[in-house]
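As provided, my_file04.cif (mmCIF, C-alpha atoms) reads as follows.
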```cif
data_target
#
loop_
_atom_site.label_atom_id
_atom_site.label_comp_id
_atom_site.auth_asym_id
_atom_site.auth_seq_id
_atom_site.Cartn_x
_atom_site.Cartn_y
_atom_site.Cartn_z
CA MET E 1 14.77 -28.92 9.35
CA ARG E 2 15.13 -30.55 12.78
CA ASP E 3 16.68 -33.70 11.21
CA ARG E 4 19.17 -31.55 9.30
CA LEU E 5 20.16 -29.68 12.44
CA ARG E 6 20.57 -32.93 14.39
CA GLY E 7 22.78 -34.22 11.57
CA MET E 8 24.91 -31.08 11.66
CA ARG E 9 25.30 -31.27 15.42
CA GLY E 10 26.39 -34.90 15.12
CA LEU E 11 28.88 -34.03 12.40
CA ASP E 12 30.18 -31.13 14.45
CA ALA E 13 30.92 -33.51 17.35
CA VAL E 14 32.94 -35.81 15.06
CA PHE E 15 35.31 -33.11 13.77
CA PRO E 16 37.54 -32.91 16.88
CA VAL E 17 38.10 -36.68 16.66
CA ILE E 18 39.02 -36.38 13.00
CA LEU E 19 41.48 -33.60 13.77
CA ILE E 20 43.16 -35.67 16.49
CA VAL E 21 43.46 -38.62 14.12
CA ALA E 22 44.97 -36.34 11.45
CA ALA E 23 47.57 -35.10 13.92
CA ALA E 24 48.48 -38.70 14.81
CA LEU E 25 48.82 -39.62 11.15
CA MET E 26 51.35 -36.81 10.64
CA ILE E 27 53.56 -38.42 13.27
CA LEU E 28 53.20 -41.95 11.92
CA ASP E 29 53.87 -41.03 8.24
CA PRO E 30 51.05 -43.36 7.10
CA THR E 31 50.05 -44.93 3.81
CA ILE E 32 46.51 -45.67 2.74
CA PHE E 33 46.04 -48.45 0.15
CA GLY E 34 49.71 -48.12 -0.65
CA VAL E 35 49.53 -44.38 -1.20
CA ALA E 36 51.76 -42.30 1.04
CA ILE E 37 50.08 -39.35 2.76
CA THR E 38 52.42 -36.39 3.02
CA GLU E 39 52.46 -33.80 5.78
CA ARG E 40 51.35 -31.16 3.31
CA GLN E 41 48.26 -33.16 2.42
CA ILE E 42 47.46 -33.76 6.08
CA ILE E 43 47.86 -30.04 6.85
CA LEU E 44 45.62 -29.13 3.93
CA GLY E 45 43.07 -31.65 5.16
CA PHE E 46 43.38 -30.20 8.65
CA PHE E 47 42.51 -26.70 7.42
CA GLY E 48 39.78 -28.14 5.28
CA PHE E 49 38.17 -29.71 8.33
CA LEU E 50 38.51 -26.41 10.19
CA GLY E 51 36.66 -24.68 7.36
CA ILE E 52 33.91 -27.28 7.35
CA ASP E 53 33.59 -27.00 11.14
CA ALA E 54 33.23 -23.22 10.89
CA LEU E 55 30.68 -23.61 8.09
CA VAL E 56 28.58 -26.02 10.15
CA GLU E 57 28.66 -23.65 13.12
CA ARG E 58 27.72 -20.68 10.93
CA THR E 59 24.88 -22.64 9.33
CA GLY E 60 23.50 -23.50 12.76
CA ARG E 61 23.53 -19.83 13.75
CA LEU E 62 21.80 -18.81 10.53
CA ASN E 63 19.13 -21.43 11.09
CA ARG E 64 18.50 -20.14 14.60
CA ILE E 65 18.28 -16.57 13.31
CA GLU E 66 15.87 -17.68 10.59
CA ARG E 67 13.61 -19.38 13.14
CA ARG E 68 13.56 -16.26 15.31
CA LEU E 69 12.74 -14.04 12.33
CA LYS E 70 9.87 -16.31 11.35
CA ALA E 71 8.51 -16.23 14.89
CA LEU E 72 8.77 -12.42 14.95
CA ASP E 73 7.12 -12.15 11.54
CA SER E 74 4.20 -14.30 12.66
CA ARG E 75 3.68 -11.99 15.65
CA MET E 76 3.77 -8.84 13.53
CA THR E 77 1.61 -10.04 10.64
CA GLY E 78 -0.74 -12.37 12.50
CA PRO E 79 -3.83 -11.41 14.53
CA ILE E 80 -3.10 -8.97 17.36
CA ALA E 81 -4.32 -10.05 20.78
CA ALA E 82 -7.20 -7.91 22.05
CA GLY E 83 -5.35 -7.35 25.31
CA LYS E 84 -2.72 -5.33 23.45
CA ILE E 85 -5.37 -2.90 22.14
CA LEU E 86 -8.15 -2.87 24.72
CA LEU E 87 -6.77 -1.63 28.03
CA SER E 88 -8.03 -1.35 31.58
CA ARG E 89 -7.91 1.73 33.77
CA SER E 90 -5.04 0.23 35.72
CA SER E 91 -2.94 0.42 32.53
CA PHE E 92 -2.81 4.22 32.81
CA ASP E 93 -1.29 6.71 35.21
CA ARG E 94 -3.48 8.53 37.69
CA MET E 95 -5.62 11.18 36.06
CA ASP E 96 -3.57 14.10 37.38
CA VAL E 97 -0.33 12.52 36.13
CA LEU E 98 -1.85 11.68 32.75
CA VAL E 99 -3.14 15.17 31.95
CA SER E 100 0.05 16.84 33.22
CA ASN E 101 1.67 15.69 29.96
CA ALA E 102 -0.42 18.19 27.98
CA ARG E 103 1.30 21.41 26.89
CA HIS E 104 -1.38 23.17 24.85
CA SER E 105 -4.86 21.80 25.44
CA ILE E 106 -6.98 19.26 27.27
CA LEU E 107 -10.38 17.95 26.20
CA ILE E 108 -12.40 15.75 28.55
CA VAL E 109 -15.74 14.27 27.53
CA GLY E 110 -17.56 12.20 30.13
CA ILE E 111 -20.94 11.51 31.68
CA ASN E 112 -20.26 13.29 34.99
CA LEU E 113 -16.65 14.55 34.64
CA GLU E 114 -15.52 12.60 37.68
CA GLY E 115 -12.10 12.28 36.06
CA ALA E 116 -11.78 16.05 35.69
CA LEU E 117 -12.30 16.49 39.42
CA GLN E 118 -9.33 14.20 40.03
CA CYS E 119 -6.98 16.51 38.13
CA VAL E 120 -8.22 20.04 38.85
CA SER E 121 -4.77 21.23 39.91
CA SER E 122 -3.24 20.04 36.61
CA LEU E 123 -6.03 21.72 34.66
CA LEU E 124 -5.44 24.98 36.53
CA ASP E 125 -1.68 24.79 35.87
CA LEU E 126 -2.24 24.36 32.13
CA VAL E 127 -4.68 27.28 31.93
CA ARG E 128 -2.34 29.56 33.89
CA ALA E 129 0.42 28.66 31.42
CA GLY E 130 -1.75 29.79 28.50
CA GLY E 131 -3.35 26.45 27.56
CA THR E 132 -7.02 25.72 27.00
CA VAL E 133 -9.34 23.29 28.75
CA ARG E 134 -12.65 22.00 27.40
CA LEU E 135 -14.90 19.85 29.58
CA VAL E 136 -18.16 18.25 28.39
CA ALA E 137 -20.60 16.40 30.65
CA MET E 138 -24.06 15.03 29.99
CA ASP E 139 -26.77 17.67 30.43
CA PRO E 140 -28.38 16.88 33.80
CA ASN E 141 -31.59 18.57 32.65
CA GLY E 142 -31.64 17.14 29.13
CA ALA E 143 -33.96 14.60 27.53
CA ALA E 144 -31.10 12.16 26.96
CA LEU E 145 -30.42 11.69 30.67
CA GLY E 146 -33.17 9.10 31.18
CA PRO E 147 -32.26 6.77 28.25
CA ALA E 148 -28.54 7.02 29.08
CA ALA E 149 -29.18 6.15 32.73
CA ALA E 150 -31.34 3.20 31.67
CA MET E 151 -28.54 1.98 29.40
CA SER E 152 -26.10 2.08 32.31
CA GLY E 153 -28.57 0.57 34.75
CA VAL E 154 -28.50 3.51 37.19
CA ASP E 155 -31.19 5.69 38.73
CA PRO E 156 -31.64 8.85 36.57
CA ALA E 157 -32.15 10.99 39.68
CA VAL E 158 -28.90 9.76 41.21
CA ARG E 159 -27.04 10.38 37.97
CA ARG E 160 -28.51 13.86 37.62
CA GLN E 161 -27.46 14.81 41.13
CA LYS E 162 -23.93 13.48 40.59
CA ILE E 163 -23.49 15.43 37.35
CA ILE E 164 -24.72 18.67 38.92
CA GLN E 165 -22.50 18.18 41.97
CA ASN E 166 -19.38 17.70 39.86
CA LEU E 167 -20.19 20.56 37.51
CA GLU E 168 -20.66 22.96 40.42
CA LEU E 169 -17.43 21.84 42.08
CA LEU E 170 -15.53 22.43 38.85
CA ARG E 171 -17.19 25.79 38.21
CA ALA E 172 -16.43 26.97 41.73
CA GLY E 173 -12.84 25.76 41.53
CA PHE E 174 -12.12 27.61 38.29
CA ALA E 175 -13.81 30.79 39.57
CA ALA E 176 -11.83 30.74 42.81
CA HIS E 177 -8.38 30.03 41.40
CA LEU E 178 -8.27 31.69 37.98
CA GLU E 179 -8.25 35.32 36.98
CA SER E 180 -10.82 36.55 34.51
CA ALA E 181 -8.56 36.29 31.44
CA ALA E 182 -7.56 32.73 32.31
CA ARG E 183 -11.17 31.69 32.93
CA GLY E 184 -11.83 32.61 29.30
CA ARG E 185 -9.64 29.65 28.28
CA VAL E 186 -11.85 27.20 30.19
CA SER E 187 -15.07 25.83 28.68
CA LEU E 188 -17.35 23.92 31.05
CA MET E 189 -20.17 22.50 28.94
CA VAL E 190 -23.08 20.05 28.94
CA ALA E 191 -24.50 18.12 25.99
CA ASP E 192 -28.03 16.78 25.73
CA GLN E 193 -27.17 13.50 24.06
CA VAL E 194 -26.42 9.91 24.94
CA LEU E 195 -22.64 10.06 24.90
CA PRO E 196 -21.22 7.13 22.89
CA LEU E 197 -17.88 7.38 24.63
CA GLY E 198 -15.76 9.09 27.20
CA ALA E 199 -12.49 10.64 26.11
CA ILE E 200 -9.42 12.48 27.32
CA GLY E 201 -7.63 14.49 24.66
CA LEU E 202 -4.10 15.75 25.29
CA ASP E 203 -2.89 18.41 22.84
CA GLU E 204 -5.51 16.83 20.60
CA HIS E 205 -5.04 19.21 17.65
CA THR E 206 -1.27 18.83 17.41
CA ARG E 207 0.89 16.22 15.69
CA GLY E 208 1.97 14.91 19.07
CA GLY E 209 -1.58 14.71 20.38
CA SER E 210 -3.22 11.66 21.91
CA LEU E 211 -6.67 10.41 22.89
CA VAL E 212 -7.65 7.98 25.61
CA VAL E 213 -11.08 6.69 24.61
CA GLN E 214 -13.52 4.60 26.61
CA HIS E 215 -16.65 3.08 25.07
CA TYR E 216 -19.72 3.03 27.28
CA LEU E 217 -21.21 -0.48 27.41
CA THR E 218 -24.76 -1.43 28.36
CA ALA E 219 -25.20 -2.37 32.04
CA THR E 220 -21.41 -2.32 32.53
CA ALA E 221 -19.61 -0.32 35.19
CA VAL E 222 -17.29 2.35 33.84
CA GLU E 223 -14.39 0.68 35.65
CA LEU E 224 -14.92 -2.46 33.56
CA ALA E 225 -15.34 -0.84 30.16
CA PRO E 226 -12.29 -1.11 27.83
CA LEU E 227 -10.10 1.83 26.86
CA ILE E 228 -7.90 2.46 23.84
CA TRP E 229 -4.99 4.91 23.50
CA LEU E 230 -4.67 6.61 20.13
CA ARG E 231 -1.81 8.83 18.94
CA ALA E 232 -2.12 11.45 16.22
CA ASP E 233 1.17 10.54 14.58
CA ALA E 234 0.77 6.75 14.62
CA ASP E 235 -2.90 5.76 14.70
CA GLN E 236 -4.52 7.35 11.68
CA PRO E 237 -7.24 7.37 10.50
CA TRP E 238 -8.66 6.19 13.82
CA PHE E 239 -7.29 9.09 15.84
CA SER E 240 -8.98 11.64 13.55
CA ARG E 241 -12.19 9.62 13.49
CA TYR E 242 -12.49 9.52 17.27
CA LEU E 243 -11.45 13.15 17.60
CA ALA E 244 -14.24 14.07 15.17
CA GLN E 245 -16.67 12.19 17.42
CA CYS E 246 -15.47 14.21 20.41
CA GLU E 247 -15.78 17.48 18.49
CA THR E 248 -19.34 16.53 17.55
CA CYS E 249 -20.15 16.27 21.24
CA VAL E 250 -18.56 19.68 21.81
CA SER E 251 -20.40 21.32 18.92
CA SER E 252 -23.80 20.32 20.30
CA ALA E 253 -22.97 21.35 23.87
CA ARG E 254 -23.88 24.53 25.76
CA ASP E 255 -22.05 26.37 28.52
CA TRP E 256 -22.92 25.33 32.04
CA ASP E 257 -23.85 28.31 34.19
CA GLY E 258 -25.54 26.56 37.09
CA THR E 259 -29.10 27.20 35.96
CA GLY E 260 -31.59 24.44 36.57
CA VAL E 261 -29.79 23.19 39.68
#
```

Translate this structure into structure tokens?
Amino acid sequence: MRDRLRGMRGLDAVFPVILIVAAALMILDPTIFGVAITERQIILGFFGFLGIDALVERTGRLNRIERRLKALDSRMTGPIAAGKILLSRSSFDRMDVLVSNARHSILIVGINLEGALQCVSSLLDLVRAGGTVRLVAMDPNGAALGPAAAMSGVDPAVRRQKIIQNLELLRAGFAAHLESAARGRVSLMVADQVLPLGAIGLDEHTRGGSLVVQHYLTATAVELAPLIWLRADADQPWFSRYLAQCETCVSSARDWDGTGV
């Protein structure tokens, strides 16, 4: 292919010379091997060369387009780089900005709900507008706390205290800023299980819903664990599969009322 293109470029450079020679021949009224060349023949040859020149140029363009299409096809059909799927926290907006995109519901599943504390005002705004908020943390008094803390490489007592602190801050914030009817649209829960993931669901049961999912890795800080962003309308069946995992966490959870603090 490269040799053919080089040949075409060389031929394309010769055409102007040929055209100049043809124009000179029209003036000189030449003969070739005793055969007279008329102006009509020279003019026809002139237009013929113009056509060939245009064809060579068009062929070069088509070849360039073909190469670009092949390169694009290889990107679309070949292996996808992990960096385009697995994201870091810096790839996302701040928590309050992220959840402010929700119009109907927010679901947050996390070990200590630190992320929920960062967006309390956005959660309150959604509830006041008629939306629902569901928050699930690890049960600070449950049997799963010890194994989960060991997996993360943290002190169970420190983790327990952090979970309780965040739960109480959230509970007090909702009680202080929401009327009774609005508080009924907030579920603050704890689950006695080793959470396989953390998740933020935005309008998770609508066609325009999305999930930001983070897998918890052994002895790895949460800030270093990868995240994926799934959309209900574009990432099936994975969106539904991860949402089902979140709902399983919710179904086994109980309301947090501050007992056992």

**Request:** Would you translate the PyMOL selection byres ((chain E and resi 122) around 9) into the concrete set of residues it matches in this file, as a list in words?
**Result:**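 Applied to this file, the PyMOL selection byres ((chain E and resi 122) around 9) selects Asp96, Val97, Val99, Ser100, Cys119, Val120, Ser121, Leu123, Leu124, Asp125, Leu126 and Val127 of chain E.
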
**Asked** Taking the file as shown, what set of residues would the PyMOL selection byres ((chain E and resi 172) around 12) give back, as a list in words?
**Response** Leu117, Val120, Gln165, Asn166, Leu167, Glu168, Leu169, Leu170, Arg171, Gly173, Phe174, Ala175, Ala176, His177, Leu178, Arg183, Leu188, Trp256, Asp257 and Gly258 of chain E

**Message:** Could you list, as a VMD selection string, every residue matched by the PyMOL selection byres ((chain E and resi 130) around 8) in this structure?
**Reply:** chain E and resid 104 126 to 129 131 to 132 182 185

**Request:** With a distance cut-off of 6 Å and all atoms listed in the file, select the neighbouring residues of range 108-113 of chain E, excluding the residue or stretch itself and same-chain residues fewer than 5 positions from it, and output the selection as a PyMOL selection string.
**Result:** chain E and resi 135-138+163+198-200

**Asked** For Gly146 in chain E, which residue among E:Arg103, E:Arg64, E:Arg231, E:Arg159 is the nearest when counting all atoms listed in the file?
**Response**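 Checking each candidate against Gly146 in chain E, we get E:Arg159 as the closest.
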
**Request:** Find the residues near range 242-249 of chain E: any atom within 9 Å, counting all atoms listed in the file, skip ones fewer than 6 places away on the same chain, and give them as a list of chain:residue names.
**Result:** E:Leu107, E:Ile108, E:Val109, E:Val136, E:Ala191, E:Gln193, E:Leu195, E:Pro196, E:Leu197, E:Gly198, E:Ala199, E:Gly201, E:Glu204, E:His205, E:Leu211, E:Val213, E:Leu230

**Request:** Determine the nearest neighbour of Val186 in chain E from the options E:Ile164, E:Val133, E:Thr206, E:Asp155, counting all atoms listed in the file.
**Result:**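 Going through E:Ile164, E:Val133, E:Thr206, E:Asp155 one by one, the smallest distance to Val186 in chain E is for E:Val133.
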
**Prompt:** Interatomic distance between CA of Asp235 in chain E and CA of Val250 in chain E?
**Reply:**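 Computed distance, CA of Asp235 in chain E to CA of Val250 in chain E, equals 22.1 Å.
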
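Going from CA of Leu86 in chain E to CA of Asn101 in chain E covers 21.6 Å.
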
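Among the candidate residues E:Val194, E:Ser180, E:Leu98, E:Asp233, the one lying nearest to Ala150 in chain E is E:Val194, with distances computed using only C-alpha atoms.
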
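From CA of Arg134 in chain E back to CA of Ser105 in chain E, the distance works out to 8.0 Å.
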
**Request:** Within 7 Å of Leu227 in chain E, counting all atoms listed in the file, which residues show up once you throw out same-chain ones fewer than 4 positions away? Write them as a list in words, please.
**Result:**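 Using all atoms listed in the file, the neighbours found are Leu86, Leu87, Ser88, Val212, Val213, Gln214 and His215 of chain E.
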
Write the selection just made, keeping C-alpha atoms, as a PDB file, keeping the file's coordinate frame?
```
ATOM      1  CA  LEU E  86      -8.150  -2.870  24.720  1.00  0.00           C
ATOM      2  CA  LEU E  87      -6.770  -1.630  28.030  1.00  0.00           C
ATOM      3  CA  SER E  88      -8.030  -1.350  31.580  1.00  0.00           C
ATOM      4  CA  VAL E 212      -7.650   7.980  25.610  1.00  0.00           C
ATOM      5  CA  VAL E 213     -11.080   6.690  24.610  1.00  0.00           C
ATOM      6  CA  GLN E 214     -13.520   4.600  26.610  1.00  0.00           C
ATOM      7  CA  HIS E 215     -16.650   3.080  25.070  1.00  0.00           C
TER       8      HIS E 215
END
```
